[in-house]
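Structure data follow from my_file-v2.txt (compact mmCIF, C-alpha atoms):
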```
# COMPACT_ATOMS: atom_id res chain seq x y z
CA MET E 1 -2.21 26.85 42.63
CA PRO E 2 -3.58 25.67 39.28
CA VAL E 3 -3.54 21.90 38.73
CA PRO E 4 -2.04 21.10 35.31
CA PHE E 5 -3.41 18.44 33.02
CA THR E 6 -1.33 15.27 33.19
CA ALA E 7 0.24 13.39 30.30
CA ASP E 8 -2.35 10.65 30.88
CA ASP E 9 -5.13 13.23 30.67
CA THR E 10 -3.98 14.50 27.30
CA THR E 11 -3.31 11.01 25.94
CA ARG E 12 -6.85 9.90 26.78
CA LEU E 13 -8.31 13.08 25.29
CA ARG E 14 -6.29 12.68 22.10
CA ASP E 15 -7.15 8.99 21.70
CA THR E 16 -10.87 9.56 22.31
CA PHE E 17 -10.92 12.57 20.00
CA ASP E 18 -9.22 10.61 17.23
CA GLN E 19 -11.67 7.75 17.72
CA VAL E 20 -14.87 9.83 17.57
CA VAL E 21 -13.60 11.52 14.39
CA ALA E 22 -12.64 8.14 12.90
CA ASP E 23 -16.14 6.90 13.77
CA GLY E 24 -17.67 9.76 11.76
CA ALA E 25 -18.87 11.86 14.67
CA SER E 26 -17.34 14.99 13.12
CA PRO E 27 -15.10 15.83 10.14
CA GLY E 28 -12.58 17.06 12.73
CA GLY E 29 -12.04 19.68 15.36
CA VAL E 30 -9.85 21.15 18.04
CA ILE E 31 -9.58 20.79 21.81
CA ALA E 32 -8.02 23.67 23.74
CA TYR E 33 -7.02 23.10 27.34
CA GLY E 34 -4.84 24.52 30.06
CA THR E 35 -4.77 26.44 33.32
CA THR E 36 -4.60 30.05 34.34
CA GLY E 37 -0.86 29.66 34.90
CA ASP E 38 0.14 28.37 31.45
CA SER E 39 -0.33 29.08 27.77
CA PRO E 40 -3.15 27.07 26.16
CA GLN E 41 -2.42 23.74 24.51
CA PHE E 42 -4.27 22.43 21.46
CA LEU E 43 -5.17 18.98 20.15
CA SER E 44 -6.58 18.63 16.64
CA ALA E 45 -8.12 15.76 14.72
CA GLY E 46 -9.39 15.20 11.18
CA LYS E 47 -10.00 17.98 8.69
CA VAL E 48 -12.14 21.11 8.83
CA ALA E 49 -14.58 19.56 6.31
CA PRO E 50 -14.49 17.99 2.83
CA GLU E 51 -15.53 21.36 1.33
CA CYS E 52 -12.36 22.88 2.80
CA GLY E 53 -9.96 20.56 1.01
CA ASP E 54 -6.82 19.70 2.95
CA ALA E 55 -7.32 22.43 5.56
CA ASP E 56 -6.43 21.13 9.02
CA PRO E 57 -8.42 22.42 11.98
CA GLY E 58 -6.33 24.57 14.29
CA ARG E 59 -6.42 27.19 16.99
CA ASP E 60 -7.65 29.84 14.54
CA THR E 61 -10.35 27.80 12.77
CA THR E 62 -13.72 29.50 13.10
CA TYR E 63 -16.67 27.49 14.44
CA ASP E 64 -20.36 28.22 14.85
CA ILE E 65 -20.49 27.90 18.64
CA ALA E 66 -24.31 27.74 18.73
CA SER E 67 -25.62 27.77 22.32
CA LEU E 68 -22.21 28.65 23.73
CA THR E 69 -23.48 32.10 22.67
CA LYS E 70 -25.47 31.99 25.92
CA VAL E 71 -22.30 31.95 28.07
CA VAL E 72 -19.93 33.80 25.71
CA ALA E 73 -22.25 36.72 24.86
CA THR E 74 -25.50 36.94 26.82
CA TRP E 75 -24.25 35.81 30.24
CA PRO E 76 -21.25 38.20 30.50
CA LEU E 77 -23.28 41.10 29.09
CA ILE E 78 -25.97 40.49 31.73
CA GLY E 79 -23.27 40.51 34.40
CA GLN E 80 -21.99 43.87 33.20
CA ALA E 81 -25.52 45.28 33.00
CA LEU E 82 -26.22 44.17 36.58
CA GLU E 83 -23.02 45.82 37.77
CA ALA E 84 -24.04 49.03 35.99
CA GLY E 85 -27.50 48.98 37.57
CA LEU E 86 -29.25 48.54 34.24
CA LEU E 87 -30.84 45.20 35.12
CA ASP E 88 -32.31 43.58 38.21
CA LEU E 89 -32.12 39.78 38.45
CA ASP E 90 -35.44 39.50 40.24
CA ALA E 91 -37.45 41.98 38.19
CA PRO E 92 -39.68 40.86 35.30
CA ILE E 93 -38.09 40.99 31.86
CA ARG E 94 -40.89 43.30 30.62
CA ASP E 95 -39.35 46.07 32.75
CA PHE E 96 -36.30 46.09 30.46
CA LEU E 97 -38.08 45.99 27.12
CA PRO E 98 -39.95 48.67 25.14
CA PRO E 99 -43.45 49.38 26.51
CA MET E 100 -46.21 46.92 25.60
CA ASN E 101 -49.93 47.58 25.47
CA SER E 102 -51.28 44.13 26.24
CA GLU E 103 -51.27 41.26 28.70
CA THR E 104 -47.77 39.81 28.84
CA PRO E 105 -47.77 36.53 30.79
CA SER E 106 -44.33 35.52 29.53
CA GLY E 107 -43.07 39.02 30.23
CA GLU E 108 -43.57 38.38 33.95
CA ALA E 109 -40.64 35.95 34.00
CA THR E 110 -37.71 37.44 35.86
CA VAL E 111 -34.20 37.88 34.50
CA ARG E 112 -33.02 35.22 36.96
CA GLN E 113 -35.64 32.73 35.80
CA LEU E 114 -34.81 33.29 32.16
CA ILE E 115 -31.06 32.94 32.57
CA ALA E 116 -31.47 29.85 34.80
CA HIS E 117 -34.05 28.18 32.51
CA THR E 118 -36.68 28.11 35.28
CA SER E 119 -39.19 30.55 33.74
CA GLY E 120 -41.92 28.13 32.69
CA LEU E 121 -42.07 29.73 29.24
CA ARG E 122 -42.93 27.68 26.18
CA ALA E 123 -39.96 25.49 25.31
CA SER E 124 -40.68 25.20 21.59
CA THR E 125 -39.46 28.34 19.84
CA ARG E 126 -40.49 28.87 16.19
CA LEU E 127 -39.98 32.49 15.23
CA ASP E 128 -41.16 31.68 11.70
CA HIS E 129 -44.67 31.44 13.19
CA TYR E 130 -44.53 35.19 13.79
CA ARG E 131 -44.07 36.10 10.13
CA GLY E 132 -46.51 38.73 8.95
CA SER E 133 -47.30 40.09 12.42
CA ASP E 134 -47.46 43.84 12.97
CA LEU E 135 -46.19 43.57 16.55
CA PRO E 136 -42.49 43.74 17.49
CA LEU E 137 -40.79 40.50 18.43
CA HIS E 138 -40.43 41.26 22.14
CA GLU E 139 -44.17 41.81 22.45
CA LEU E 140 -45.01 38.67 20.50
CA LEU E 141 -42.80 36.65 22.82
CA CYS E 142 -44.12 38.29 25.98
CA ARG E 143 -47.75 37.78 24.94
CA GLU E 144 -47.26 34.01 24.76
CA PRO E 145 -48.86 32.01 27.59
CA VAL E 146 -46.51 30.17 29.92
CA GLU E 147 -46.45 26.37 29.92
CA ASP E 148 -45.48 25.75 33.54
CA ALA E 149 -45.24 27.51 36.86
CA PRO E 150 -41.76 29.01 37.29
CA GLY E 151 -39.17 27.13 39.31
CA GLN E 152 -38.63 23.83 37.51
CA HIS E 153 -35.66 23.52 35.15
CA ARG E 154 -36.43 23.28 31.45
CA TYR E 155 -33.98 24.39 28.77
CA ILE E 156 -35.68 27.22 26.84
CA ASN E 157 -34.14 29.27 24.03
CA ARG E 158 -36.84 31.92 23.89
CA GLY E 159 -35.77 33.18 27.32
CA TYR E 160 -32.34 34.03 25.95
CA ILE E 161 -33.88 35.64 22.88
CA LEU E 162 -35.77 37.93 25.26
CA LEU E 163 -32.59 38.60 27.25
CA GLY E 164 -30.77 39.57 24.05
CA LEU E 165 -33.58 41.96 23.10
CA ALA E 166 -33.53 43.46 26.59
CA LEU E 167 -29.75 44.01 26.50
CA ALA E 168 -30.07 45.85 23.21
CA HIS E 169 -32.90 47.99 24.56
CA ILE E 170 -31.31 49.04 27.86
CA HIS E 171 -28.05 49.96 26.13
CA GLY E 172 -29.64 51.50 23.04
CA ARG E 173 -27.21 49.51 20.89
CA PRO E 174 -27.54 46.32 18.84
CA LEU E 175 -26.52 43.08 20.52
CA ASP E 176 -23.72 42.40 18.04
CA GLN E 177 -22.13 45.76 18.88
CA LEU E 178 -22.35 45.02 22.60
CA GLY E 179 -20.72 41.66 22.02
CA ALA E 180 -17.98 43.13 19.85
CA ALA E 181 -17.06 45.68 22.54
CA LEU E 182 -16.97 42.98 25.23
CA TRP E 183 -14.81 40.60 23.19
CA ARG E 184 -12.44 43.36 22.10
CA ALA E 185 -11.89 44.32 25.75
CA LEU E 186 -11.18 40.67 26.61
CA GLY E 187 -8.74 40.21 23.74
CA MET E 188 -11.04 37.91 21.74
CA ASP E 189 -10.35 39.43 18.35
CA ALA E 190 -11.77 36.57 16.25
CA THR E 191 -15.13 36.23 18.02
CA VAL E 192 -18.09 37.75 16.14
CA TYR E 193 -21.76 37.37 15.46
CA GLY E 194 -22.35 35.83 12.05
CA PRO E 195 -22.60 35.65 9.20
CA VAL E 196 -18.93 35.19 8.35
CA ALA E 197 -17.31 34.63 4.96
CA ARG E 198 -17.05 31.09 3.63
CA THR E 199 -13.36 30.15 3.64
CA PRO E 200 -11.42 26.92 4.27
CA HIS E 201 -10.81 28.20 7.81
CA VAL E 202 -14.54 28.40 8.65
CA ALA E 203 -16.12 25.05 9.54
CA PRO E 204 -19.32 24.26 7.57
CA THR E 205 -22.20 22.69 9.45
CA GLU E 206 -25.26 20.82 8.20
CA GLN E 207 -26.72 20.13 4.78
CA ARG E 208 -30.43 20.27 5.50
CA ILE E 209 -31.66 19.18 2.05
CA PRO E 210 -29.75 16.79 -0.25
CA GLY E 211 -28.38 18.73 -3.20
CA ALA E 212 -28.87 22.10 -1.47
CA PRO E 213 -25.94 24.25 -0.28
CA ARG E 214 -24.51 23.31 3.08
CA ILE E 215 -24.86 25.82 5.94
CA TRP E 216 -21.50 27.54 6.00
CA GLY E 217 -20.72 30.86 7.66
CA THR E 218 -24.31 31.47 8.72
CA PRO E 219 -25.84 30.27 12.00
CA HIS E 220 -27.03 26.69 12.06
CA ASP E 221 -29.84 27.72 14.43
CA ASP E 222 -32.96 28.64 12.45
CA ASN E 223 -34.21 31.25 14.91
CA ALA E 224 -30.84 32.98 15.02
CA GLY E 225 -30.87 32.99 11.24
CA LEU E 226 -34.29 34.67 11.20
CA LEU E 227 -32.84 37.35 13.50
CA GLY E 228 -30.07 38.09 11.01
CA GLY E 229 -27.58 35.95 12.89
CA VAL E 230 -27.70 38.09 16.04
CA ALA E 231 -29.55 36.63 19.01
CA GLY E 232 -29.14 36.00 22.71
CA HIS E 233 -29.31 32.21 22.40
CA ALA E 234 -27.14 31.48 19.33
CA GLY E 235 -25.36 33.10 16.39
CA VAL E 236 -21.78 33.64 17.62
CA PHE E 237 -18.72 32.33 15.77
CA SER E 238 -15.40 31.88 17.55
CA THR E 239 -12.10 30.01 17.50
CA PRO E 240 -10.46 27.58 19.92
CA SER E 241 -7.83 30.22 20.64
CA ASP E 242 -10.38 32.91 21.53
CA LEU E 243 -12.41 30.55 23.70
CA ALA E 244 -9.23 29.60 25.56
CA VAL E 245 -8.56 33.32 26.13
CA TYR E 246 -12.09 33.71 27.45
CA ALA E 247 -11.81 30.72 29.78
CA ARG E 248 -8.52 31.97 31.21
CA LYS E 249 -9.94 35.45 31.80
CA LEU E 250 -12.97 34.03 33.61
CA LEU E 251 -10.85 31.78 35.82
CA ALA E 252 -8.45 34.62 36.65
CA ALA E 253 -11.38 36.89 37.50
CA HIS E 254 -12.92 34.21 39.70
CA ALA E 255 -9.62 33.78 41.55
CA GLY E 256 -9.65 37.42 42.61
CA GLY E 257 -8.16 39.44 39.80
CA ASP E 258 -11.56 40.79 38.81
CA GLU E 259 -11.73 41.82 35.19
CA HIS E 260 -14.61 43.59 33.44
CA ASP E 261 -16.93 42.85 36.40
CA LEU E 262 -16.93 39.12 35.58
CA GLY E 263 -15.29 37.68 38.71
CA GLU E 264 -18.12 38.46 41.14
CA TRP E 265 -20.67 37.56 38.48
CA LEU E 266 -19.06 34.15 37.95
CA HIS E 267 -19.09 33.51 41.70
CA ALA E 268 -22.81 34.34 41.80
CA SER E 269 -23.51 32.19 38.76
CA LEU E 270 -22.03 29.07 40.33
CA VAL E 271 -24.76 28.96 42.98
CA PRO E 272 -27.31 26.25 42.04
CA GLN E 273 -30.69 27.59 40.96
CA ALA E 274 -32.45 24.32 40.06
CA PRO E 275 -31.63 20.61 39.71
CA ILE E 276 -31.34 19.24 36.19
CA GLU E 277 -30.75 15.59 37.02
CA PRO E 278 -28.86 13.73 39.76
CA GLY E 279 -25.37 15.21 39.92
CA LEU E 280 -26.14 18.23 37.73
CA ASP E 281 -27.62 21.61 38.65
CA ARG E 282 -28.28 24.76 36.70
CA GLY E 283 -26.57 27.88 37.92
CA LEU E 284 -27.07 31.22 36.23
CA SER E 285 -26.62 30.06 32.64
CA TRP E 286 -23.95 27.44 33.43
CA ILE E 287 -24.48 23.74 34.15
CA LEU E 288 -22.85 22.82 37.46
CA ALA E 289 -21.27 19.41 38.05
CA ALA E 290 -18.87 17.66 40.45
CA GLY E 291 -20.54 19.18 43.48
CA GLY E 292 -20.41 22.64 41.97
CA ARG E 293 -16.67 22.48 41.25
CA VAL E 294 -17.17 22.47 37.47
CA ALA E 295 -19.23 24.78 35.25
CA TYR E 296 -19.87 23.98 31.62
CA HIS E 297 -22.11 24.54 28.62
CA HIS E 298 -22.62 22.85 25.26
CA GLY E 299 -23.44 24.12 21.78
CA PHE E 300 -25.68 22.07 19.47
CA THR E 301 -23.17 22.20 16.60
CA GLY E 302 -20.61 20.21 18.61
CA THR E 303 -18.94 22.74 20.89
CA SER E 304 -18.36 22.75 24.66
CA LEU E 305 -16.69 24.94 27.27
CA TYR E 306 -15.67 23.63 30.72
CA LEU E 307 -14.33 25.60 33.71
CA ALA E 308 -12.95 24.26 37.00
CA PRO E 309 -12.29 27.35 39.15
CA GLU E 310 -10.84 25.47 42.14
CA THR E 311 -8.11 23.84 40.05
CA GLY E 312 -7.73 26.68 37.53
CA ARG E 313 -8.42 24.29 34.66
CA TYR E 314 -10.40 24.87 31.47
CA LEU E 315 -11.20 22.78 28.43
CA VAL E 316 -12.76 23.81 25.12
CA ILE E 317 -14.15 21.52 22.43
CA CYS E 318 -14.69 22.96 18.95
CA THR E 319 -16.17 20.63 16.34
CA ASN E 320 -18.71 20.82 13.56
CA ALA E 321 -20.19 17.46 14.57
CA VAL E 322 -23.60 18.59 13.32
CA TYR E 323 -22.08 18.27 9.82
CA GLY E 324 -23.69 14.84 9.57
CA GLY E 325 -26.83 15.54 11.60
CA ASN E 326 -27.61 15.59 15.31
CA ALA E 327 -24.25 15.87 17.07
CA ARG E 328 -25.19 15.03 20.65
CA ALA E 329 -24.99 11.24 20.61
CA LYS E 330 -22.02 11.17 18.26
CA ILE E 331 -19.63 13.18 20.38
CA ALA E 332 -21.03 12.08 23.75
CA PRO E 333 -17.94 9.96 24.56
CA LEU E 334 -15.65 12.96 24.08
CA ARG E 335 -17.85 15.24 26.16
CA ALA E 336 -18.11 12.63 28.92
CA LEU E 337 -14.33 12.26 29.04
CA ALA E 338 -13.88 16.05 29.02
CA LEU E 339 -16.18 16.40 32.04
CA LYS E 340 -14.45 13.55 33.88
CA THR E 341 -11.01 15.02 33.12
CA ILE E 342 -11.86 18.61 34.12
CA SER E 343 -13.51 17.34 37.33
CA ALA E 344 -10.35 15.60 38.59
CA THR E 345 -8.65 17.20 41.59
```
Represent the structure contained in this file as structure tokens.
Amino acid sequence: MPVPFTADDTTRLRDTFDQVVADGASPGGVIAYGTTGDSPQFLSAGKVAPECGDADPGRDTTYDIASLTKVVATWPLIGQALEAGLLDLDAPIRDFLPPMNSETPSGEATVRQLIAHTSGLRASTRLDHYRGSDLPLHELLCREPVEDAPGQHRYINRGYILLGLALAHIHGRPLDQLGAALWRALGMDATVYGPVARTPHVAPTEQRIPGAPRIWGTPHDDNAGLLGGVAGHAGVFSTPSDLAVYARKLLAAHAGGDEHDLGEWLHASLVPQAPIEPGLDRGLSWILAAGGRVAYHHGFTGTSLYLAPETGRYLVICTNAVYGGNARAKIAPLRALALKTISAT
């Protein structure tokens, strides 16, 4: 049976959320939470952003979810491709990309290593360095030397860029079309790859240069922007409502009502692949905490998604905390409380 959030849980979440917004961590945002047995509940704080006037953030406000793209787009699409026999977790990524006529040391990394951040590839990813090259992006990435022997955990975006390119190649369709079909089937009608129109219901992110236009409706991530907003590591926009739908579908699939091949894939993904730090492991894409009872992921812009399959609980944080710069430290108290709350039994 799902374990509902208590009144104390929601009071602490609301108070902490209000406080981090009052402290300037984010203009505002929305928390969605619930269980597989109930309709989602929403807590909001602040405003969408000064540019959006008096618009209050709500369940249908659109946020740049940044690296949540990894678990909302790339991870489920890999699960479906594995089920269809189009990918092999332990085969090198070069096997699922267009042919290359060169040495490809980074192309030897396996799908498993890339999705678990244990590939040893270069961590720094600057696609702007490839401007002017005659080679396709997948070959440029695969030609790069590795930095470390595979096996140790190190968070690397370029691995997910390669996974996104591979998904497009094996399906013969662009990644944004693959994502759109997945989200439509799951009932996530507001989730899309950017860019999206600038409206008061779309949360702006960072102003990189004083006096220049603020990033608004286009991906905050530079590499995703260079890829036209469509990438395996970032670029997706979604709403608290859609992310709650997604969380509920994943938890229901995990509990046995398999849907779109995601139940078995989620089970497999909750097996630790490498330690991150004491108390945290990396599964396949997801971070695992509380002895493996909780899976979660963050997005650089100020978003988070938490799942607790044993208790049927989920929690979503949608903010544009990067509005004022690096969001990690600013919303750390809210994220810490979210993890503590979702981990309770």
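The residues that lie within 7 Å of the point (-44.4, 39.8, 26.4), counting only C-alpha atoms, are Arg94, Thr104, Pro105, Ser106, Gly107, His138, Glu139, Leu140, Leu141, Cys142, Arg143 and Glu144 of chain E.
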Exercise. Which neighbours of Ile276 of chain E fall inside 12 Å, counting only C-alpha atoms, when residues of the same chain fewer than 3 positions from it are skipped, and could you give them as a ChimeraX atom specification?
Worked result: /E:116-118,151-155,272-273,279-283,286-289
Exercise. How far is it from atom CA of His267 of chain E to atom CA of Ile331 of chain E, in Å with one decimal?
Worked result: 29.5 Å
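Atom pair atom CA of Leu243 of chain E / atom CA of Leu226 of chain E has a distance of 25.5 Å (rounded to one decimal).
Put simply, atom CA of Gly79 of chain E is 8.7 Å away from atom CA of Glu264 of chain E.
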For this session: List the neighbours of Asp56 of chain E out to 7 Å using only C-alpha atoms; skip same-chain residues closer than 3 positions along the sequence, and give me the result as JSON, numbers by chain.
Result: {"E": [46, 47, 48]}
Print the selection's residues with C-alpha atoms to a file, as a PDB file, keeping the file's coordinate frame.
```pdb
ATOM      1  CA  GLY E  46      -9.390  15.200  11.180  1.00  0.00           C
ATOM      2  CA  LYS E  47     -10.000  17.980   8.690  1.00  0.00           C
ATOM      3  CA  VAL E  48     -12.140  21.110   8.830  1.00  0.00           C
TER       4      VAL E  48
END
```
For this session: Give the answer as one residue: which of E:Leu182, E:Pro150, E:Tyr306, E:Ala168 has the shortest atom-to-atom distance to Ile31 of chain E, using all atoms listed in the file?
Result: E:Tyr306
For this session: Quick one: everything within 12 Å of Ala255 of chain E, counting only C-alpha atoms, minus sequence neighbours fewer than 2 positions away in the same chain. Send it as number ranges by chain.
Result: E: 1-2, 36-37, 248-253, 257-259, 262-264, 266-267, 308-313
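Within the 9 Å cut-off around Arg126 of chain E, using only C-alpha atoms and omitting residues fewer than 4 positions from it on the same chain, the listed residues are E:Tyr130, E:Asp222, E:Asn223.
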For this session: Name all residues at most 8 Å from Gly29 of chain E (count all atoms listed in the file; drop same-chain ones fewer than 5 positions away) and give them as a ChimeraX atom specification.
Result: /E:44-48,57-58,317-320
Scan for residues within 10 Å of the point (-22.8, 11.9, 7.7) in the coordinates of the file, using all atoms listed in the file, and reply as a PDB file with C-alpha atoms, keeping the file's coordinate frame.
```pdb
ATOM      1  CA  GLY E  24     -17.670   9.760  11.760  1.00  0.00           C
ATOM      2  CA  ALA E  25     -18.870  11.860  14.670  1.00  0.00           C
ATOM      3  CA  SER E  26     -17.340  14.990  13.120  1.00  0.00           C
ATOM      4  CA  PRO E  27     -15.100  15.830  10.140  1.00  0.00           C
ATOM      5  CA  GLU E 206     -25.260  20.820   8.200  1.00  0.00           C
ATOM      6  CA  GLN E 207     -26.720  20.130   4.780  1.00  0.00           C
ATOM      7  CA  ALA E 321     -20.190  17.460  14.570  1.00  0.00           C
ATOM      8  CA  VAL E 322     -23.600  18.590  13.320  1.00  0.00           C
ATOM      9  CA  TYR E 323     -22.080  18.270   9.820  1.00  0.00           C
ATOM     10  CA  GLY E 324     -23.690  14.840   9.570  1.00  0.00           C
ATOM     11  CA  GLY E 325     -26.830  15.540  11.600  1.00  0.00           C
ATOM     12  CA  ASN E 326     -27.610  15.590  15.310  1.00  0.00           C
TER      13      ASN E 326
END
```
Exercise. Nearest to Val30 of chain E: which of E:Gly194, E:Pro92, E:Pro333, E:Pro240 is it, counting only C-alpha atoms?
Worked result: E:Pro240
Seminar exercise, completed: Across E:Ala32, E:Gly211, E:Glu277, E:Leu114, the smallest distance to Leu305 of chain E, with only C-alpha atoms counted, is shown by E:Ala32
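When only C-alpha atoms are used to measure the gap to Gly53 of chain E, the shortest distance among E:His220, E:His169, E:His201, E:Arg293 belongs to E:His201.
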For this session: Could you check which of E:Gly172, E:Pro275, E:Pro145, E:Pro200 is closest to Phe96 of chain E, using all atoms listed in the file?
Result: E:Gly172
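With distances taken over all atoms listed in the file, E:Leu68 is the one residue among E:Leu68, E:Pro213, E:Tyr193, E:Thr35 lying closest to Ser304 of chain E.
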